[in-house]
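Engineer: What follows is a structure written as structure tokens; I'll ask about it next.
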Amino acid sequence: MTVNNSKLFNMDFNELDFQLSDRGWFILENAVDPKYYIPMRDDLFKVYEICREIQIKNGIDNVTYGTSHHIINQSPCYLEYLENLPLRDYFTHYFGGPFILNSFGAVIVEQKQESYADKVHRDIRTFSGTYPMMINSLVMLDDFTEENGATYLMSGSHLCEEKPSNDVFYAKAERATGKAGSLLVFNSNLWHAAGVNQTDKPRRAVTPTYSKPFFKQQMDYSRLLGYDRLEKMSENLRQMIGYYSRVPSSLDEWYQLPENRFYRREQG
Ligand SMILES: O=C(O)CCC(=O)C(=O)O
């Protein structure tokens with residue numbers, strides 16, 4: 001289902017809840033302001049080059065073509081996006097409390113290039129059933145069309161622990177088409193795959209995922225970003241990055257006043 005953002009402010013969250021529990025996904029049009037998505041798009045090839053060099057060095061380049069991971073420190077635009085996250089209130093509602101960034105990756109789909117993202121997969125290893133453990137939110141940085149590789153999604157498959165066969169998946173899957181600036185939100189249990197790009201232009205997206213604060217992040221973002229720029233971050237951003245849901249590594253870090261604890265009690 002596609003929802004127009006202009007209507008969202010008048011809408012209570014029931015419709016989005018219904019789409020997520022029934023089909024497992026929805027698309028919100030005009031969700032991301034061009035002032036946030038254009039810099040993310042403009043920086044993506046540069047960011048990819050950084051990741052690519054390491055993918056090649058470590059011999060995993062044949063399965064990672066076009067993909068970048070944990071890019072939040074590669075350009076200021078990614079933290080700016082998180083600072084102004086659309087649907088923040090909805091995600092808080094969805095998780096029933098605070099949530100944190102679990103991963104921040106990106107995908108560039110180009111003609112005749114393959115990666116793990118175009119295989120049928122889901123992004124949470126352990127099936128979490130109806131418990132709201134993790135959610136995906138793909139920002140379309142270019143228009144997504146059937147020709148340039150719009151994501152395949154199998155509606156309802158967020159309730160299936162077992163991976164569907166390719167035949168079943170592609171017979172039933174729908175395409176997530178939309179204009180640049182649209183947000184595709186889906187339950188992380190949903191089986192999905194990037195499409196094939198038959199055009200000569202790249203199809204780009206950033207793909208942040210969010211989770212309950214006690215669920216292990218894919219990378220320790222507090223350590224990755226460090227403490228030097230903490231002053232410049234809002235309280236909301238610090239919390240979302242995971243600064244209030246860290247694991248202490250000494251008794252000194254453990255024995256702290258509630259407001260200084262590595263894992264704060266309101267993080268659930
Ligand atoms: O780029 C896409 O269409 C899908 C991305 C994806 O599969 C993922 O981020 O896990």
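Going by the structure tokens order, chains are called A, B, ..., each with residues numbered from 1, while ligands are numbered from 1 in the order shown.
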Just the residues within 12 Å of range 95-99 of chain A, please, counting only C-alpha atoms, with nothing from its chain fewer than 4 positions along; format it as JSON, numbers by chain.

Structural biologist: {"A": [17, 88, 89, 90, 91, 130, 131, 132, 133, 134, 135, 187, 209, 210, 211, 212, 213, 214, 215, 216, 217, 236, 237, 238, 239, 240, 241, 242, 243, 244, 245, 264, 265, 266, 267, 268]}

Engineer: Could you list the protein, DNA and RNA residues that have any atom within 7 Å of ligand 1, counting only C-alpha atoms and all ligand atoms, and write them as a PDB file with all heavy atoms, in the first residue's frame?

Structural biologist:
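Just written: out28.pdb:
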```
ATOM      1  N   GLY A 105      22.900   0.686   6.013  1.00  0.00           N
ATOM      2  CA  GLY A 105      23.585   0.281   4.794  1.00  0.00           C
ATOM      3  C   GLY A 105      23.021   0.997   3.584  1.00  0.00           C
ATOM      4  O   GLY A 105      22.153   1.869   3.698  1.00  0.00           O
ATOM      5  N   ALA A 106      23.532   0.629   2.414  1.00  0.00           N
ATOM      6  CA  ALA A 106      23.056   1.230   1.171  1.00  0.00           C
ATOM      7  C   ALA A 106      23.232   0.219   0.049  1.00  0.00           C
ATOM      8  O   ALA A 106      24.095  -0.672   0.126  1.00  0.00           O
ATOM      9  CB  ALA A 106      23.850   2.501   0.863  1.00  0.00           C
ATOM     10  N   VAL A 107      22.401   0.358  -0.960  1.00  0.00           N
ATOM     11  CA  VAL A 107      22.477  -0.544  -2.114  1.00  0.00           C
ATOM     12  C   VAL A 107      22.436   0.278  -3.395  1.00  0.00           C
ATOM     13  O   VAL A 107      21.575   1.142  -3.550  1.00  0.00           O
ATOM     14  CB  VAL A 107      21.289  -1.554  -2.121  1.00  0.00           C
ATOM     15  CG1 VAL A 107      21.428  -2.524  -3.288  1.00  0.00           C
ATOM     16  CG2 VAL A 107      21.194  -2.323  -0.814  1.00  0.00           C
ATOM     17  N   VAL A 109      22.002  -0.620  -7.240  1.00  0.00           N
ATOM     18  CA  VAL A 109      21.729  -1.696  -8.194  1.00  0.00           C
ATOM     19  C   VAL A 109      22.035  -1.167  -9.587  1.00  0.00           C
ATOM     20  O   VAL A 109      21.483  -0.150 -10.004  1.00  0.00           O
ATOM     21  CB  VAL A 109      20.253  -2.172  -8.116  1.00  0.00           C
ATOM     22  CG1 VAL A 109      19.998  -3.264  -9.145  1.00  0.00           C
ATOM     23  CG2 VAL A 109      19.911  -2.668  -6.720  1.00  0.00           C
ATOM     24  N   ALA A 117      21.934  -9.024  -2.085  1.00  0.00           N
ATOM     25  CA  ALA A 117      20.657  -8.313  -1.911  1.00  0.00           C
ATOM     26  C   ALA A 117      19.629  -8.733  -2.954  1.00  0.00           C
ATOM     27  O   ALA A 117      18.431  -8.606  -2.714  1.00  0.00           O
ATOM     28  CB  ALA A 117      20.886  -6.805  -1.963  1.00  0.00           C
ATOM     29  N   ASP A 118      20.096  -9.265  -4.106  1.00  0.00           N
ATOM     30  CA  ASP A 118      19.095  -9.683  -5.090  1.00  0.00           C
ATOM     31  C   ASP A 118      18.733 -11.165  -4.979  1.00  0.00           C
ATOM     32  O   ASP A 118      18.020 -11.705  -5.817  1.00  0.00           O
ATOM     33  CB  ASP A 118      19.484  -9.284  -6.522  1.00  0.00           C
ATOM     34  CG  ASP A 118      20.847  -9.803  -6.917  1.00  0.00           C
ATOM     35  OD1 ASP A 118      21.129 -10.975  -6.617  1.00  0.00           O
ATOM     36  OD2 ASP A 118      21.635  -9.040  -7.501  1.00  0.00           O
ATOM     37  N   ARG A 122      15.837 -12.298   4.181  1.00  0.00           N
ATOM     38  CA  ARG A 122      15.281 -11.340   5.134  1.00  0.00           C
ATOM     39  C   ARG A 122      16.434 -10.855   5.987  1.00  0.00           C
ATOM     40  O   ARG A 122      17.506 -11.467   6.017  1.00  0.00           O
ATOM     41  CB  ARG A 122      14.161 -11.961   5.970  1.00  0.00           C
ATOM     42  CG  ARG A 122      14.616 -13.035   6.889  1.00  0.00           C
ATOM     43  CD  ARG A 122      13.504 -13.435   7.863  1.00  0.00           C
ATOM     44  NE  ARG A 122      13.985 -14.474   8.724  1.00  0.00           N
ATOM     45  CZ  ARG A 122      13.334 -15.602   8.987  1.00  0.00           C
ATOM     46  NH1 ARG A 122      12.157 -15.845   8.470  1.00  0.00           N
ATOM     47  NH2 ARG A 122      13.866 -16.492   9.788  1.00  0.00           N
ATOM     48  N   ASP A 123      16.232  -9.751   6.720  1.00  0.00           N
ATOM     49  CA  ASP A 123      17.366  -9.091   7.359  1.00  0.00           C
ATOM     50  C   ASP A 123      17.480  -9.351   8.851  1.00  0.00           C
ATOM     51  O   ASP A 123      18.333  -8.747   9.511  1.00  0.00           O
ATOM     52  CB  ASP A 123      17.295  -7.581   7.076  1.00  0.00           C
ATOM     53  CG  ASP A 123      17.546  -7.326   5.597  1.00  0.00           C
ATOM     54  OD1 ASP A 123      18.456  -7.956   5.043  1.00  0.00           O
ATOM     55  OD2 ASP A 123      16.809  -6.544   4.987  1.00  0.00           O
ATOM     56  N   GLY A 149      14.820  -2.134 -11.203  1.00  0.00           N
ATOM     57  CA  GLY A 149      15.147  -3.039 -10.097  1.00  0.00           C
ATOM     58  C   GLY A 149      14.428  -2.768  -8.780  1.00  0.00           C
ATOM     59  O   GLY A 149      14.963  -3.062  -7.705  1.00  0.00           O
ATOM     60  N   ALA A 150      13.195  -2.241  -8.865  1.00  0.00           N
ATOM     61  CA  ALA A 150      12.414  -2.029  -7.636  1.00  0.00           C
ATOM     62  C   ALA A 150      12.377  -3.324  -6.810  1.00  0.00           C
ATOM     63  O   ALA A 150      12.279  -4.428  -7.374  1.00  0.00           O
ATOM     64  CB  ALA A 150      10.995  -1.603  -7.993  1.00  0.00           C
ATOM     65  N   THR A 151      12.444  -3.193  -5.517  1.00  0.00           N
ATOM     66  CA  THR A 151      12.485  -4.327  -4.592  1.00  0.00           C
ATOM     67  C   THR A 151      11.268  -5.247  -4.754  1.00  0.00           C
ATOM     68  O   THR A 151      10.156  -4.766  -4.940  1.00  0.00           O
ATOM     69  CB  THR A 151      12.497  -3.783  -3.137  1.00  0.00           C
ATOM     70  OG1 THR A 151      13.406  -2.687  -3.061  1.00  0.00           O
ATOM     71  CG2 THR A 151      12.885  -4.857  -2.144  1.00  0.00           C
ATOM     72  N   HIS A 192      12.302 -10.782   0.981  1.00  0.00           N
ATOM     73  CA  HIS A 192      12.369  -9.766  -0.069  1.00  0.00           C
ATOM     74  C   HIS A 192      13.643  -9.947  -0.897  1.00  0.00           C
ATOM     75  O   HIS A 192      14.526 -10.728  -0.526  1.00  0.00           O
ATOM     76  CB  HIS A 192      12.320  -8.358   0.555  1.00  0.00           C
ATOM     77  CG  HIS A 192      13.489  -8.041   1.438  1.00  0.00           C
ATOM     78  ND1 HIS A 192      13.591  -8.485   2.745  1.00  0.00           N
ATOM     79  CD2 HIS A 192      14.628  -7.332   1.206  1.00  0.00           C
ATOM     80  CE1 HIS A 192      14.726  -8.051   3.261  1.00  0.00           C
ATOM     81  NE2 HIS A 192      15.379  -7.354   2.341  1.00  0.00           N
ATOM     82  N   ALA A 193      13.752  -9.196  -1.973  1.00  0.00           N
ATOM     83  CA  ALA A 193      14.955  -9.252  -2.833  1.00  0.00           C
ATOM     84  C   ALA A 193      15.010  -7.991  -3.675  1.00  0.00           C
ATOM     85  O   ALA A 193      13.963  -7.475  -4.096  1.00  0.00           O
ATOM     86  CB  ALA A 193      14.889 -10.470  -3.762  1.00  0.00           C
ATOM     87  N   ALA A 194      16.208  -7.495  -3.915  1.00  0.00           N
ATOM     88  CA  ALA A 194      16.356  -6.387  -4.861  1.00  0.00           C
ATOM     89  C   ALA A 194      16.052  -6.908  -6.264  1.00  0.00           C
ATOM     90  O   ALA A 194      16.281  -8.087  -6.559  1.00  0.00           O
ATOM     91  CB  ALA A 194      17.778  -5.827  -4.798  1.00  0.00           C
ATOM     92  N   GLY A 195      15.534  -6.032  -7.123  1.00  0.00           N
ATOM     93  CA  GLY A 195      15.254  -6.444  -8.499  1.00  0.00           C
ATOM     94  C   GLY A 195      16.487  -6.322  -9.385  1.00  0.00           C
ATOM     95  O   GLY A 195      17.573  -5.945  -8.918  1.00  0.00           O
ATOM     96  N   ALA A 205      19.627   3.280  -2.993  1.00  0.00           N
ATOM     97  CA  ALA A 205      18.794   3.344  -1.789  1.00  0.00           C
ATOM     98  C   ALA A 205      19.691   3.292  -0.567  1.00  0.00           C
ATOM     99  O   ALA A 205      20.774   2.696  -0.608  1.00  0.00           O
ATOM    100  CB  ALA A 205      17.828   2.156  -1.744  1.00  0.00           C
ATOM    101  N   THR A 207      19.358   1.908   3.460  1.00  0.00           N
ATOM    102  CA  THR A 207      18.490   0.871   4.027  1.00  0.00           C
ATOM    103  C   THR A 207      18.634   0.745   5.557  1.00  0.00           C
ATOM    104  O   THR A 207      18.980  -0.330   6.060  1.00  0.00           O
ATOM    105  CB  THR A 207      18.830  -0.485   3.368  1.00  0.00           C
ATOM    106  OG1 THR A 207      20.245  -0.739   3.569  1.00  0.00           O
ATOM    107  CG2 THR A 207      18.539  -0.484   1.891  1.00  0.00           C
TER     108      THR A 207
END
```

Engineer: For CA of Leu257 in chain A and CA of Gly226 in chain A, quote the distance in Å rounded to one decimal.

Structural biologist: 21.2 Å

Engineer: If you count only C-alpha atoms, which residues fall within 12 Å of Thr67 in chain A, apart from same-chain ones fewer than 5 positions away, as a ChimeraX atom specification?

Structural biologist: /A:44-45,47-55,60-62,104-110,113-118,194,203-207

Engineer: How about saving the chosen residues, N, CA, C and O atoms kept, as a compact mmCIF listing (two decimals), in the first residue's frame?

Structural biologist:
```
# COMPACT_ATOMS: atom_id res chain seq x y z
N LEU A 44 26.79 8.70 -2.33
CA LEU A 44 26.77 7.24 -2.20
C LEU A 44 27.91 6.52 -2.94
O LEU A 44 28.47 5.56 -2.42
N PHE A 45 28.25 6.98 -4.14
CA PHE A 45 29.33 6.29 -4.86
C PHE A 45 30.67 6.46 -4.13
O PHE A 45 31.47 5.53 -4.05
N VAL A 47 31.04 6.79 -0.88
CA VAL A 47 30.96 5.91 0.29
C VAL A 47 31.17 4.45 -0.13
O VAL A 47 31.87 3.68 0.53
N TYR A 48 30.58 4.10 -1.26
CA TYR A 48 30.70 2.73 -1.76
C TYR A 48 32.16 2.40 -2.05
O TYR A 48 32.64 1.30 -1.75
N GLU A 49 32.90 3.35 -2.61
CA GLU A 49 34.32 3.11 -2.91
C GLU A 49 35.10 2.76 -1.65
O GLU A 49 35.99 1.91 -1.68
N ILE A 50 34.75 3.42 -0.55
CA ILE A 50 35.43 3.14 0.73
C ILE A 50 35.16 1.70 1.15
O ILE A 50 36.06 0.94 1.53
N CYS A 51 33.88 1.31 1.10
CA CYS A 51 33.51 -0.06 1.49
C CYS A 51 34.10 -1.08 0.51
O CYS A 51 34.58 -2.14 0.90
N ARG A 52 34.04 -0.73 -0.76
CA ARG A 52 34.47 -1.66 -1.81
C ARG A 52 35.93 -2.06 -1.65
O ARG A 52 36.31 -3.22 -1.82
N GLU A 53 36.74 -1.08 -1.32
CA GLU A 53 38.16 -1.35 -1.16
C GLU A 53 38.39 -2.44 -0.10
O GLU A 53 39.20 -3.35 -0.29
N ILE A 54 37.62 -2.37 0.97
CA ILE A 54 37.79 -3.36 2.05
C ILE A 54 37.15 -4.70 1.66
O ILE A 54 37.69 -5.77 1.97
N GLN A 55 36.03 -4.63 0.94
CA GLN A 55 35.40 -5.87 0.47
C GLN A 55 36.39 -6.63 -0.43
O GLN A 55 36.55 -7.85 -0.31
N ILE A 60 35.66 -10.64 -0.32
CA ILE A 60 34.21 -10.91 -0.36
C ILE A 60 33.52 -10.05 -1.42
O ILE A 60 32.32 -9.80 -1.36
N ASP A 61 34.31 -9.61 -2.40
CA ASP A 61 33.77 -8.67 -3.39
C ASP A 61 32.77 -9.30 -4.35
O ASP A 61 31.91 -8.60 -4.88
N ASN A 62 32.83 -10.64 -4.54
CA ASN A 62 31.91 -11.20 -5.53
C ASN A 62 30.47 -11.29 -5.02
O ASN A 62 29.56 -11.44 -5.82
N PHE A 104 22.96 0.61 9.19
CA PHE A 104 22.72 1.66 8.20
C PHE A 104 23.55 1.32 6.98
O PHE A 104 24.75 1.61 6.92
N GLY A 105 22.90 0.69 6.01
CA GLY A 105 23.59 0.28 4.79
C GLY A 105 23.02 1.00 3.58
O GLY A 105 22.15 1.87 3.70
N ALA A 106 23.53 0.63 2.41
CA ALA A 106 23.06 1.23 1.17
C ALA A 106 23.23 0.22 0.05
O ALA A 106 24.09 -0.67 0.13
N VAL A 107 22.40 0.36 -0.96
CA VAL A 107 22.48 -0.54 -2.11
C VAL A 107 22.44 0.28 -3.40
O VAL A 107 21.58 1.14 -3.55
N ILE A 108 23.40 0.00 -4.28
CA ILE A 108 23.37 0.57 -5.63
C ILE A 108 23.14 -0.60 -6.58
O ILE A 108 23.99 -1.50 -6.66
N VAL A 109 22.00 -0.62 -7.24
CA VAL A 109 21.73 -1.70 -8.19
C VAL A 109 22.03 -1.17 -9.59
O VAL A 109 21.48 -0.15 -10.00
N GLU A 110 22.98 -1.87 -10.26
CA GLU A 110 23.34 -1.47 -11.62
C GLU A 110 23.17 -2.66 -12.55
O GLU A 110 23.12 -3.81 -12.11
N GLN A 113 24.85 -6.58 -12.57
CA GLN A 113 25.69 -6.81 -11.39
C GLN A 113 24.85 -7.53 -10.33
O GLN A 113 23.69 -7.18 -10.15
N GLU A 114 25.47 -8.50 -9.66
CA GLU A 114 24.72 -9.29 -8.69
C GLU A 114 25.31 -9.12 -7.30
O GLU A 114 26.50 -8.92 -7.15
N SER A 115 24.44 -9.22 -6.28
CA SER A 115 24.93 -9.22 -4.89
C SER A 115 23.97 -10.07 -4.06
O SER A 115 22.94 -10.54 -4.58
N TYR A 116 24.28 -10.26 -2.78
CA TYR A 116 23.38 -11.02 -1.92
C TYR A 116 22.00 -10.37 -1.84
O TYR A 116 21.00 -11.02 -1.59
N ALA A 117 21.93 -9.02 -2.09
CA ALA A 117 20.66 -8.31 -1.91
C ALA A 117 19.63 -8.73 -2.95
O ALA A 117 18.43 -8.61 -2.71
N ASP A 118 20.10 -9.27 -4.11
CA ASP A 118 19.10 -9.68 -5.09
C ASP A 118 18.73 -11.17 -4.98
O ASP A 118 18.02 -11.70 -5.82
N ALA A 194 16.21 -7.49 -3.91
CA ALA A 194 16.36 -6.39 -4.86
C ALA A 194 16.05 -6.91 -6.26
O ALA A 194 16.28 -8.09 -6.56
N ARG A 203 20.22 2.46 -9.65
CA ARG A 203 19.06 2.56 -8.76
C ARG A 203 19.58 2.50 -7.33
O ARG A 203 20.07 1.48 -6.89
N ARG A 204 19.52 3.64 -6.61
CA ARG A 204 20.19 3.74 -5.31
C ARG A 204 19.20 3.82 -4.14
O ARG A 204 18.11 4.39 -4.28
N ALA A 205 19.63 3.28 -2.99
CA ALA A 205 18.79 3.34 -1.79
C ALA A 205 19.69 3.29 -0.57
O ALA A 205 20.77 2.70 -0.61
N VAL A 206 19.25 3.92 0.53
CA VAL A 206 19.85 3.62 1.84
C VAL A 206 18.83 2.78 2.59
O VAL A 206 17.62 2.91 2.40
N THR A 207 19.36 1.91 3.46
CA THR A 207 18.49 0.87 4.03
C THR A 207 18.63 0.74 5.56
O THR A 207 18.98 -0.33 6.06
```

Engineer: Determine the nearest neighbour of Ile38 in chain A from the options A:Ala171, A:Val139, A:Ile71, A:Val120, counting only C-alpha atoms.

Structural biologist: A:Val139

Engineer: Ranking A:His158, A:Lys232, A:Lys119, A:Arg246 by minimum distance to Thr64 in chain A and counting only C-alpha atoms, which one comes first?

Structural biologist: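 Closest candidate: A:Lys119.
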